[in-house]
$ cat structure_18.cif   # mmCIF, C-alpha atoms
data_target
#
loop_
_atom_site.label_atom_id
_atom_site.label_comp_id
_atom_site.auth_asym_id
_atom_site.auth_seq_id
_atom_site.Cartn_x
_atom_site.Cartn_y
_atom_site.Cartn_z
CA MET A 170 0.00 0.00 0.00
CA HIS A 171 1.70 3.18 -1.17
CA LEU A 172 1.77 6.50 0.65
CA ILE A 173 2.39 8.51 -2.50
CA LYS A 174 2.34 7.47 -6.13
CA LEU A 175 3.59 9.58 -9.01
CA LEU A 176 2.65 8.52 -12.52
CA GLU A 177 4.53 10.30 -15.30
CA ALA A 178 4.26 13.53 -13.32
CA LYS A 179 5.96 16.41 -15.11
CA LYS A 180 6.43 20.15 -14.93
CA HIS A 181 6.95 21.96 -18.22
CA TYR A 182 10.30 23.42 -17.15
CA CYS A 183 11.73 20.13 -15.93
CA PRO A 184 13.68 17.92 -18.38
CA GLN A 185 11.99 14.68 -17.33
CA SER A 186 8.82 13.13 -15.92
CA PHE A 187 8.70 11.18 -12.68
CA SER A 188 7.11 7.83 -11.85
CA LEU A 189 7.57 6.68 -8.29
CA GLU A 190 5.88 4.92 -5.38
CA ILE A 191 6.66 5.62 -1.73
CA HIS A 192 5.80 2.89 0.78
CA PRO A 193 6.12 2.73 4.57
CA CYS A 194 9.75 2.12 5.71
CA ASP A 195 11.09 3.26 2.33
CA PHE A 196 14.29 5.24 2.28
CA ILE A 197 14.52 6.91 -1.09
CA LEU A 198 17.76 8.56 -1.99
CA ILE A 199 17.77 11.24 -4.68
CA SER A 200 20.97 12.46 -6.19
CA GLY A 201 22.02 14.09 -9.39
CA GLU A 202 23.54 17.15 -10.98
CA ASN A 203 22.19 20.64 -10.55
CA GLY A 204 19.15 21.50 -12.68
CA LYS A 205 18.10 17.90 -13.25
CA GLY A 206 14.88 18.23 -11.28
CA LYS A 207 15.62 17.10 -7.71
CA THR A 208 13.84 20.06 -6.13
CA THR A 209 10.96 19.81 -8.63
CA LEU A 210 10.46 16.15 -7.71
CA LEU A 211 10.35 17.04 -4.01
CA GLU A 212 7.96 19.94 -4.64
CA LEU A 213 5.62 17.66 -6.60
CA ILE A 214 5.62 15.14 -3.76
CA LEU A 215 5.09 17.86 -1.15
CA GLY A 216 2.17 19.27 -3.14
CA PHE A 217 3.82 22.68 -3.56
CA LYS A 218 3.50 22.30 -7.32
CA LYS A 219 0.80 20.69 -9.41
CA PRO A 220 2.00 18.52 -12.31
CA ASP A 221 1.37 19.84 -15.83
CA GLN A 222 1.16 16.24 -17.06
CA GLY A 223 0.63 12.91 -15.32
CA SER A 224 -0.90 12.39 -11.90
CA ILE A 225 -0.07 12.19 -8.21
CA ASP A 226 -2.00 9.95 -5.85
CA LYS A 227 -1.37 11.02 -2.29
CA LYS A 228 -2.78 9.79 1.00
CA LYS A 229 -3.55 12.25 3.76
CA LEU A 230 -0.10 12.44 5.33
CA LYS A 231 1.84 14.43 7.85
CA ILE A 232 5.07 15.26 6.06
CA GLY A 233 8.10 16.52 7.92
CA TYR A 234 10.00 18.71 5.48
CA LEU A 235 13.48 20.09 5.84
CA PRO A 236 14.12 22.63 3.07
CA GLU A 237 17.60 23.23 1.72
CA VAL A 238 17.61 26.60 3.46
CA MET A 239 15.43 26.52 6.56
CA MET A 240 14.11 29.87 7.77
CA LEU A 241 14.03 29.78 11.56
CA PRO A 242 12.58 32.55 13.73
CA PRO A 243 15.69 34.53 14.75
CA LEU A 244 14.54 36.44 17.81
CA ILE A 245 13.36 33.67 20.12
CA LYS A 246 15.16 31.08 22.21
CA VAL A 247 15.67 27.55 20.92
CA SER A 248 13.64 26.04 23.77
CA GLU A 249 10.75 28.43 23.18
CA TYR A 250 10.69 27.63 19.47
CA LEU A 251 10.72 23.89 20.05
CA GLU A 252 8.02 24.08 22.73
CA THR A 253 5.77 26.21 20.50
CA LEU A 254 6.31 23.88 17.57
CA ALA A 255 5.54 20.81 19.68
CA LYS A 256 2.39 22.48 20.98
CA VAL A 257 1.20 23.41 17.49
CA LYS A 258 1.95 19.94 16.15
CA LYS A 259 0.33 18.37 19.23
CA ASP A 260 3.40 16.41 20.24
CA VAL A 261 5.79 16.21 23.17
CA LEU A 262 9.41 17.23 22.76
CA SER A 263 11.75 14.30 22.26
CA GLU A 264 14.50 14.66 24.89
CA GLU A 265 16.45 11.96 23.07
CA LEU A 266 16.66 14.01 19.89
CA ILE A 267 17.67 17.20 21.69
CA HIS A 268 20.38 15.47 23.73
CA MET A 269 21.65 13.59 20.73
CA PHE A 270 22.32 16.74 18.76
CA ASP A 271 23.34 18.69 21.84
CA ILE A 272 22.15 22.16 20.86
CA PRO A 273 22.16 25.04 23.36
CA LEU A 274 18.51 25.36 24.35
CA PHE A 275 18.69 28.75 26.02
CA LYS A 276 20.41 30.65 23.26
CA TYR A 277 18.55 32.84 20.78
CA ILE A 278 18.32 31.25 17.36
CA HIS A 279 20.23 34.05 15.64
CA GLN A 280 23.13 33.38 18.03
CA LEU A 281 23.47 29.77 16.87
CA SER A 282 26.14 28.69 14.42
CA LYS A 283 25.11 27.46 10.96
CA GLY A 284 25.64 23.85 12.02
CA ASN A 285 23.53 24.24 15.15
CA GLN A 286 20.78 25.97 13.16
CA GLN A 287 20.78 22.99 10.80
CA LYS A 288 20.54 20.61 13.77
CA LEU A 289 17.62 22.63 15.12
CA ALA A 290 15.94 22.49 11.71
CA ILE A 291 16.39 18.70 11.64
CA ILE A 292 14.92 18.34 15.15
CA SER A 293 11.93 20.51 14.20
CA THR A 294 11.30 18.31 11.15
CA PHE A 295 10.77 15.27 13.39
CA ILE A 296 8.43 16.98 15.84
CA GLY A 297 4.80 15.92 15.39
CA ARG A 298 5.46 12.30 14.47
CA PRO A 299 5.35 12.69 10.68
CA ASP A 300 4.47 9.75 8.41
CA LEU A 301 7.03 10.74 5.80
CA VAL A 302 10.16 12.83 6.20
CA ILE A 303 11.63 14.72 3.26
CA LEU A 304 15.13 16.05 3.78
CA ASP A 305 16.69 18.38 1.23
CA GLU A 306 20.46 18.50 1.72
CA PRO A 307 20.29 17.53 5.43
CA LEU A 308 24.08 17.37 5.84
CA SER A 309 24.84 20.97 4.96
CA GLY A 310 26.80 22.59 7.77
CA LEU A 311 27.02 19.44 9.91
CA ASP A 312 30.30 18.11 11.30
CA GLU A 313 31.35 14.46 10.98
CA LEU A 314 30.13 13.43 14.43
CA SER A 315 26.70 15.01 13.85
CA ILE A 316 26.46 13.34 10.44
CA HIS A 317 27.15 9.99 12.08
CA LYS A 318 24.56 10.65 14.81
CA LEU A 319 22.01 11.70 12.20
CA ILE A 320 22.52 8.53 10.16
CA VAL A 321 22.15 6.34 13.28
CA PHE A 322 19.00 8.24 14.20
CA LEU A 323 17.51 7.91 10.70
CA LYS A 324 18.22 4.18 10.75
CA ALA A 325 16.40 3.78 14.07
CA LYS A 326 13.42 5.74 12.79
CA GLN A 327 13.31 3.73 9.58
CA GLU A 328 13.18 0.54 11.64
CA HIS A 329 10.20 2.02 13.47
CA GLY A 330 8.32 2.33 10.18
CA LEU A 331 9.02 5.91 9.15
CA SER A 332 9.53 6.63 5.44
CA PHE A 333 12.25 8.93 4.17
CA MET A 334 13.13 10.78 1.06
CA VAL A 335 16.55 12.39 1.05
CA SER A 336 18.01 14.62 -1.61
CA THR A 337 21.77 14.96 -1.25
CA HIS A 338 25.03 15.52 -3.03
CA GLN A 339 26.69 12.97 -0.73
CA PRO A 340 24.62 9.84 -1.47
CA GLU A 341 27.41 7.47 -0.43
CA LEU A 342 26.73 8.31 3.23
CA PHE A 343 23.14 7.02 3.00
CA LEU A 344 23.71 3.96 0.82
CA GLU A 345 23.41 1.62 3.79
CA LEU A 346 19.91 2.92 4.55
CA SER A 347 18.49 3.39 1.08
CA THR A 348 15.85 1.05 -0.27
CA LYS A 349 15.48 2.90 -3.57
CA ARG A 350 17.86 5.21 -5.34
CA ILE A 351 16.96 7.83 -7.91
CA CYS A 352 19.83 9.28 -9.94
CA LEU A 353 18.71 12.24 -12.01
CA MET B 173 -0.14 28.51 15.01
CA ILE B 174 -0.54 32.29 14.87
CA ARG B 175 2.15 32.57 17.54
CA LEU B 176 4.48 30.45 15.46
CA ILE B 177 3.79 32.51 12.34
CA PHE B 178 4.37 35.67 14.37
CA GLN B 179 7.70 34.36 15.74
CA SER B 180 8.85 33.39 12.27
CA TYR B 181 7.62 36.57 10.60
CA MET B 182 9.16 39.10 12.96
CA ASP B 183 12.87 39.76 12.75
CA LYS B 184 15.04 42.73 13.72
CA LYS B 185 14.49 44.42 10.37
CA LYS B 186 10.71 44.25 10.70
CA TYR B 187 10.75 45.53 14.29
CA MET B 188 12.93 48.41 13.11
CA MET B 189 10.59 49.18 10.22
CA MET B 190 7.57 49.14 12.54
CA PHE B 191 9.33 51.48 14.94
CA ILE B 192 10.18 53.92 12.15
CA TYR B 193 6.63 53.70 10.84
CA LEU B 194 5.30 54.49 14.31
CA LEU B 195 7.58 57.53 14.54
CA ILE B 196 6.33 58.74 11.15
CA ILE B 197 2.73 58.38 12.36
CA ILE B 198 3.46 60.34 15.55
CA PHE B 199 5.27 63.00 13.55
CA LEU B 200 2.39 63.36 11.08
CA LEU B 201 -0.20 63.54 13.86
CA VAL B 202 1.79 66.22 15.69
CA ILE B 203 2.29 68.23 12.48
CA MET B 204 -1.42 67.92 11.80
CA CYS B 205 -2.32 69.29 15.24
CA ILE B 206 -0.05 72.30 15.14
CA GLU B 207 -2.50 75.07 14.28
CA LYS B 208 -1.83 78.71 13.71
CA ASP B 209 -5.18 79.80 15.08
CA SER B 210 -5.34 80.84 18.70
CA ASP B 211 -6.84 78.68 21.44
CA ILE B 212 -9.69 81.12 21.97
CA GLU B 213 -10.61 81.08 18.32
CA MET B 214 -10.64 77.30 18.34
CA MET B 215 -12.85 77.25 21.41
CA LEU B 216 -15.25 79.73 19.78
CA HIS B 217 -15.56 77.72 16.56
CA LYS B 218 -15.48 74.30 18.11
CA ASP B 219 -17.81 72.67 15.56
CA TYR B 220 -15.78 73.89 12.64
CA TYR B 221 -12.53 72.52 14.11
CA GLN B 222 -14.23 69.26 15.02
CA VAL B 223 -15.12 68.69 11.35
CA TYR B 224 -11.78 70.02 10.17
CA TYR B 225 -9.69 67.71 12.36
CA GLU B 226 -11.93 64.76 11.77
CA GLN B 227 -11.57 65.06 8.00
CA LEU B 228 -7.84 65.70 8.19
CA PHE B 229 -7.32 62.71 10.46
CA MET B 230 -9.43 60.52 8.19
CA GLN B 231 -7.39 61.52 5.16
CA ILE B 232 -4.09 60.83 6.90
CA MET B 233 -5.34 57.54 8.30
CA MET B 234 -6.50 56.34 4.91
CA ILE B 235 -3.07 56.93 3.42
CA LEU B 236 -1.20 55.43 6.38
CA ASN B 237 -3.53 52.44 6.49
CA ALA B 238 -3.02 51.68 2.82
CA MET B 239 0.74 51.91 3.26
CA PHE B 240 0.59 49.59 6.24
CA VAL B 241 -1.42 46.96 4.38
CA LEU B 242 0.99 47.20 1.46
CA PHE B 243 3.88 46.61 3.86
CA LEU B 244 2.05 43.68 5.44
CA ALA B 245 0.93 41.96 2.26
CA MET B 246 4.08 42.48 0.19
CA ASP B 247 5.98 40.06 2.40
CA HIS B 248 3.29 37.38 2.23
CA ASP B 249 5.27 34.70 0.44
CA GLN B 250 7.39 33.59 3.37
CA SER B 251 9.52 30.52 2.81
CA PHE B 252 9.30 29.63 6.51
CA LEU B 253 5.73 28.52 5.82
CA LYS B 254 6.80 25.69 3.52
CA PRO B 255 7.46 23.12 6.29
CA PHE B 256 4.04 24.01 7.76
CA TYR B 257 2.36 23.56 4.36
CA ALA B 258 3.97 20.13 4.20
CA PHE B 259 2.94 19.05 7.70
CA PHE B 260 -0.51 20.57 8.00
CA ASN B 261 -3.22 20.94 5.43
CA ARG B 262 -2.32 23.95 3.29
CA LYS B 263 -5.82 25.41 3.78
CA LYS B 264 -5.25 25.42 7.53
CA VAL B 265 -1.96 27.32 7.26
CA VAL B 266 -3.42 29.86 4.83
CA PHE B 267 -6.36 30.39 7.18
CA TYR B 268 -4.07 31.07 10.15
CA LYS B 269 -1.83 33.30 8.04
CA TYR B 270 -4.87 35.37 7.12
CA GLN B 271 -5.86 35.56 10.78
CA PHE B 272 -2.34 36.77 11.52
CA HIS B 273 -2.75 39.60 8.98
CA VAL B 274 -6.12 40.60 10.40
CA PHE B 275 -4.70 40.50 13.91
CA TRP B 276 -1.96 42.95 12.85
CA ILE B 277 -4.52 45.25 11.28
CA MET B 278 -6.51 45.29 14.52
CA ILE B 279 -3.43 46.02 16.62
CA TYR B 280 -2.39 48.74 14.21
CA SER B 281 -5.82 50.41 14.14
CA PHE B 282 -6.05 50.36 17.91
CA THR B 283 -2.53 51.81 18.30
CA LEU B 284 -3.30 54.55 15.82
CA TYR B 285 -6.51 55.43 17.63
CA MET B 286 -4.72 55.56 20.99
CA LEU B 287 -1.94 57.72 19.57
CA LYS B 288 -4.46 60.07 18.03
CA THR B 289 -6.37 60.36 21.31
CA ILE B 290 -3.22 61.12 23.33
CA ILE B 291 -1.73 63.58 20.83
CA PHE B 292 -5.03 65.43 20.31
CA LYS B 293 -5.51 65.67 24.06
CA LEU B 294 -2.01 67.03 24.59
CA ILE B 295 -1.84 69.54 21.75
CA ILE B 296 -5.34 70.68 20.78
CA PRO B 297 -7.10 72.87 23.33
CA ILE B 298 -10.58 71.58 22.46
CA ASP B 299 -12.01 68.06 22.68
CA ILE B 300 -12.07 66.41 19.27
CA SER B 301 -14.20 63.30 19.28
CA PHE B 302 -13.80 60.58 16.71
CA ASP B 303 -16.53 58.00 16.27
CA MET B 304 -15.55 54.42 17.01
CA ILE B 305 -17.68 53.32 14.06
CA LEU B 306 -15.35 55.28 11.76
CA LEU B 307 -12.41 53.34 13.15
CA ILE B 308 -14.23 50.06 12.52
CA ASP B 309 -15.04 51.22 9.01
CA LEU B 310 -11.41 52.12 8.34
CA SER B 311 -10.26 48.74 9.69
CA LEU B 312 -12.71 46.99 7.37
CA ASP B 313 -11.33 49.05 4.48
CA MET B 314 -7.87 47.81 5.37
CA ILE B 315 -9.02 44.20 5.34
CA ILE B 316 -10.67 44.73 1.93
CA ILE B 317 -7.41 46.16 0.57
CA LEU B 318 -5.57 43.22 2.12
CA ASN B 319 -7.93 40.78 0.38
CA LEU B 320 -7.51 42.45 -2.99
CA MET B 321 -3.75 42.49 -2.60
CA LEU B 322 -3.53 38.87 -1.48
CA ILE B 323 -5.75 37.68 -4.33
CA PHE B 324 -3.73 39.39 -7.03
CA MET B 325 -0.30 39.19 -5.42
CA ARG B 326 0.70 35.78 -6.72
CA SER B 327 -1.05 35.88 -10.08
CA LYS B 328 0.14 37.36 -13.34
CA TYR B 329 -1.82 40.51 -12.44
CA ARG B 330 0.60 41.16 -9.58
CA THR B 331 0.94 44.88 -10.34
CA LEU B 332 -2.81 45.32 -10.12
CA SER B 333 -2.64 44.80 -6.36
CA VAL B 334 -0.24 47.73 -5.98
CA VAL B 335 -2.28 49.84 -8.39
CA ILE B 336 -5.37 49.35 -6.21
CA VAL B 337 -3.50 50.73 -3.20
CA LEU B 338 -1.98 53.61 -5.16
CA PHE B 339 -5.38 54.52 -6.57
CA TYR B 340 -6.83 54.39 -3.05
CA ILE B 341 -4.14 56.80 -1.79
CA LEU B 342 -4.63 59.17 -4.73
CA TYR B 343 -8.39 58.99 -4.25
CA ALA B 344 -7.98 59.90 -0.58
CA LEU B 345 -5.75 62.83 -1.48
CA PHE B 346 -7.43 64.41 -4.46
CA ILE B 347 -11.00 63.26 -5.05
CA GLN B 348 -13.65 65.02 -3.02
CA SER B 349 -16.87 63.56 -4.44
CA ASP B 350 -17.77 59.89 -4.33
CA SER B 351 -18.73 57.71 -7.25
CA GLN B 352 -21.63 55.45 -6.27
CA ILE B 353 -20.82 52.76 -8.84
CA LEU B 354 -17.16 52.63 -7.88
CA TYR B 355 -18.22 52.35 -4.26
CA TYR B 356 -20.46 49.35 -4.96
CA ILE B 357 -17.67 47.57 -6.83
CA PHE B 358 -14.92 48.48 -4.37
CA PRO B 359 -16.48 49.62 -1.07
CA ILE B 360 -13.21 51.18 0.02
CA TYR B 361 -13.80 54.20 -2.19
CA ASN B 362 -16.00 56.25 0.08
CA MET B 363 -14.40 59.49 1.09
CA GLY B 364 -17.56 60.98 2.59
CA LYS B 365 -17.59 58.32 5.30
CA THR B 366 -21.24 58.54 6.19
CA ILE B 367 -21.38 55.16 7.85
CA ASN B 368 -24.44 53.12 8.62
CA LEU B 369 -24.93 49.56 9.73
CA ILE B 370 -26.00 48.25 6.31
CA GLU B 371 -22.82 49.64 4.86
CA LEU B 372 -20.73 47.82 7.46
CA CYS B 373 -22.66 44.60 6.77
CA TYR B 374 -21.98 45.01 3.04
CA LYS B 375 -18.28 45.38 3.78
CA VAL B 376 -18.22 42.34 6.05
CA CYS B 377 -19.87 40.24 3.29
CA TYR B 378 -17.40 41.67 0.78
CA ILE B 379 -14.51 40.70 3.06
CA TYR B 380 -15.89 37.21 3.54
CA LEU B 381 -16.18 36.72 -0.22
CA GLY B 382 -12.68 38.08 -0.76
CA PHE B 383 -11.29 35.80 1.92
CA LEU B 384 -12.98 32.75 0.37
CA ILE B 385 -11.52 33.55 -3.05
CA TYR B 386 -8.07 34.04 -1.55
CA TRP B 387 -8.34 30.91 0.57
CA LEU B 388 -9.42 28.65 -2.27
CA LYS B 389 -6.93 30.20 -4.67
CA SER B 390 -4.03 29.81 -2.23
CA SER B 391 -4.80 26.21 -1.47
CA VAL B 392 -4.50 25.09 -5.10
CA GLU B 393 -1.89 27.34 -6.66
CA ASP B 394 1.82 26.51 -6.87
CA VAL B 395 3.91 27.67 -3.92
#
$ encode --input "structure_18.cif" --output "structure tokens"
Amino acid sequence: MHLIKLLEAKKHYCPQSFSLEIHPCDFILISGENGKGKTTLLELILGFKKPDQGSIDKKKLKIGYLPEVMMLPPLIKVSEYLETLAKVKKDVLSEELIHMFDIPLFKYIHQLSKGNQQKLAIISTFIGRPDLVILDEPLSGLDELSIHKLIVFLKAKQEHGLSFMVSTHQPELFLELSTKRICL
Amino acid sequence: MIRLIFQSYMDKKKYMMMFIYLLIIIFLLVIMCIEKDSDIEMMLHKDYYQVYYEQLFMQIMMILNAMFVLFLAMDHDQSFLKPFYAFFNRKKVVFYKYQFHVFWIMIYSFTLYMLKTIIFKLIIPIDISFDMILLIDLSLDMIIILNLMLIFMRSKYRTLSVVIVLFYILYALFIQSDSQILYYIFPIYNMGKTINLIELCYKVCYIYLGFLIYWLKSSVEDV
């Protein structure tokens, strides 16, 4: 039973059409050169764009989305942001996730380094128990240790039945997890 | 959700812009109140000055309001909303975003009214009253402008949304008589401001229709 199914979905400005099925526990890895349609594929799946041709069959899903450049509210504290987000998404904050990434909770977001902002963005993506998580360049700004922790965390989540779609320029780091690979 | 949108929307630059805008408003209100006529003369011709200040304040408010809505709606396409669109139903996010805009308009109108009351009290020797219903009417005008801007903002008629605001400002500045037909089509064009309840009801219905168009349009168009 698929979560999302794309059948020859295409945007007029994109060089190719996409056919794809996403199932529970899938880990789909997308890689490819610039301008080949990685972002367009993600936007079609997320419902940000409607296909000009083809069709998309999508169940009612909660999708956790990490954009390539995440805009975080700069003038509030990390803890306040996470608490508000958890409240809005009707979830409780995962202590495990916060401790794993070790981000300073009582700093203002604009005071965080790029790497810590990326970690915060990743944590916020997982709040609310999404059914599918779409990560666009999740490794940008992360150090080696954080990359390792992230991969271990993703593996654990995948084992718990969560589906992933990851667009990255470093696909070799996710090969162990991937169930499908799309090279554009 | 509104709190989250507010936290994401407001940064240092926006706070600074709001502060400057507030200073401009205070400056304009003070300039407006500085009158060459003597206090005694103003007290003698109280009715005349009541109408004079009321009309002047209305004119300034209409221009400032339009500018504020323009400032609010121009920055509508925030990329921070994308993760929310993905997680929640897009209709839900658009609905809360609209509520956020309306909330700002209410705060702004109330602030302006308070500022006007304080400045008038401090500078003008006579009591100038300003009907609350006029304030409600002006706030509804702002929401109508917001609707029109939001509807056209993302389409190929993008410039039309700015033209509507510019025309509104020019209308407030230069046109003294009202066109009935124009008023029925766009109920913001009423410079006479003779408000009655039916008129307010008409505006509320107009706003509701505008919101529905914007809501449905936003939930299907490409982000």
$ resolve_selection --input "structure_18.cif" --expression "the PyMOL selection byres ((chain B) within 10 of (chain A))" --output "number ranges by chain"
B: 173-184, 250-262, 391-395
$ resolve_selection --input "structure_18.cif" --expression "the PyMOL selection byres ((chain A and resi 272) around 12)" --output "short mmCIF file (atom, residue, chain, number, x, y, z; two decimals) with C-alpha atoms, in the frame of the given file"
data_model
loop_
_atom_site.label_atom_id
_atom_site.label_comp_id
_atom_site.auth_asym_id
_atom_site.auth_seq_id
_atom_site.Cartn_x
_atom_site.Cartn_y
_atom_site.Cartn_z
CA LYS A 246 15.16 31.08 22.21
CA VAL A 247 15.67 27.55 20.92
CA SER A 248 13.64 26.04 23.77
CA LEU A 251 10.72 23.89 20.05
CA GLU A 264 14.50 14.66 24.89
CA GLU A 265 16.45 11.96 23.07
CA LEU A 266 16.66 14.01 19.89
CA ILE A 267 17.67 17.20 21.69
CA HIS A 268 20.38 15.47 23.73
CA MET A 269 21.65 13.59 20.73
CA PHE A 270 22.32 16.74 18.76
CA ASP A 271 23.34 18.69 21.84
CA PRO A 273 22.16 25.04 23.36
CA LEU A 274 18.51 25.36 24.35
CA PHE A 275 18.69 28.75 26.02
CA LYS A 276 20.41 30.65 23.26
CA TYR A 277 18.55 32.84 20.78
CA ILE A 278 18.32 31.25 17.36
CA GLN A 280 23.13 33.38 18.03
CA LEU A 281 23.47 29.77 16.87
CA SER A 282 26.14 28.69 14.42
CA LYS A 283 25.11 27.46 10.96
CA GLY A 284 25.64 23.85 12.02
CA ASN A 285 23.53 24.24 15.15
CA GLN A 286 20.78 25.97 13.16
CA GLN A 287 20.78 22.99 10.80
CA LYS A 288 20.54 20.61 13.77
CA LEU A 289 17.62 22.63 15.12
CA ALA A 290 15.94 22.49 11.71
CA ILE A 291 16.39 18.70 11.64
CA ILE A 292 14.92 18.34 15.15
CA SER A 315 26.70 15.01 13.85
#
$ axis_aligned_box --input "structure_18.cif" --around "stretch 269-286 of chain B" --padding-each-side "5 Å" --output "lines of an AutoDock Vina configuration file"
center_x = -4.2
center_y = 44.4
center_z = 14.1
size_x = 14.7
size_y = 32.3
size_z = 23.9
$ atom_distance --input "structure_18.cif" --atom1 "atom CA of A:Ser347" --atom2 "atom CA of A:Asp195"
7.5 Å
$ resolve_selection --input "structure_18.cif" --expression "the PyMOL selection byres ((chain B and resi 302) around 9)" --output "JSON list (two decimals) with C-alpha atoms, in the coordinates of the input"
[["chain", "number", "residue", "atom", "x", "y", "z"],
["B", 222, "GLN", "CA", -14.23, 69.26, 15.02],
["B", 226, "GLU", "CA", -11.93, 64.76, 11.77],
["B", 285, "TYR", "CA", -6.51, 55.43, 17.63],
["B", 289, "THR", "CA", -6.37, 60.36, 21.31],
["B", 300, "ILE", "CA", -12.07, 66.41, 19.27],
["B", 301, "SER", "CA", -14.20, 63.30, 19.28],
["B", 303, "ASP", "CA", -16.53, 58.00, 16.27],
["B", 304, "MET", "CA", -15.55, 54.42, 17.01],
["B", 305, "ILE", "CA", -17.68, 53.32, 14.06],
["B", 306, "LEU", "CA", -15.35, 55.28, 11.76],
["B", 307, "LEU", "CA", -12.41, 53.34, 13.15]]
$ closest_residue --input "structure_18.cif" --among "A:Val321, A:Val335, A:Leu198, A:Ala178" --to "A:Gly223" --atoms "all atoms listed in the file"
A:Ala178
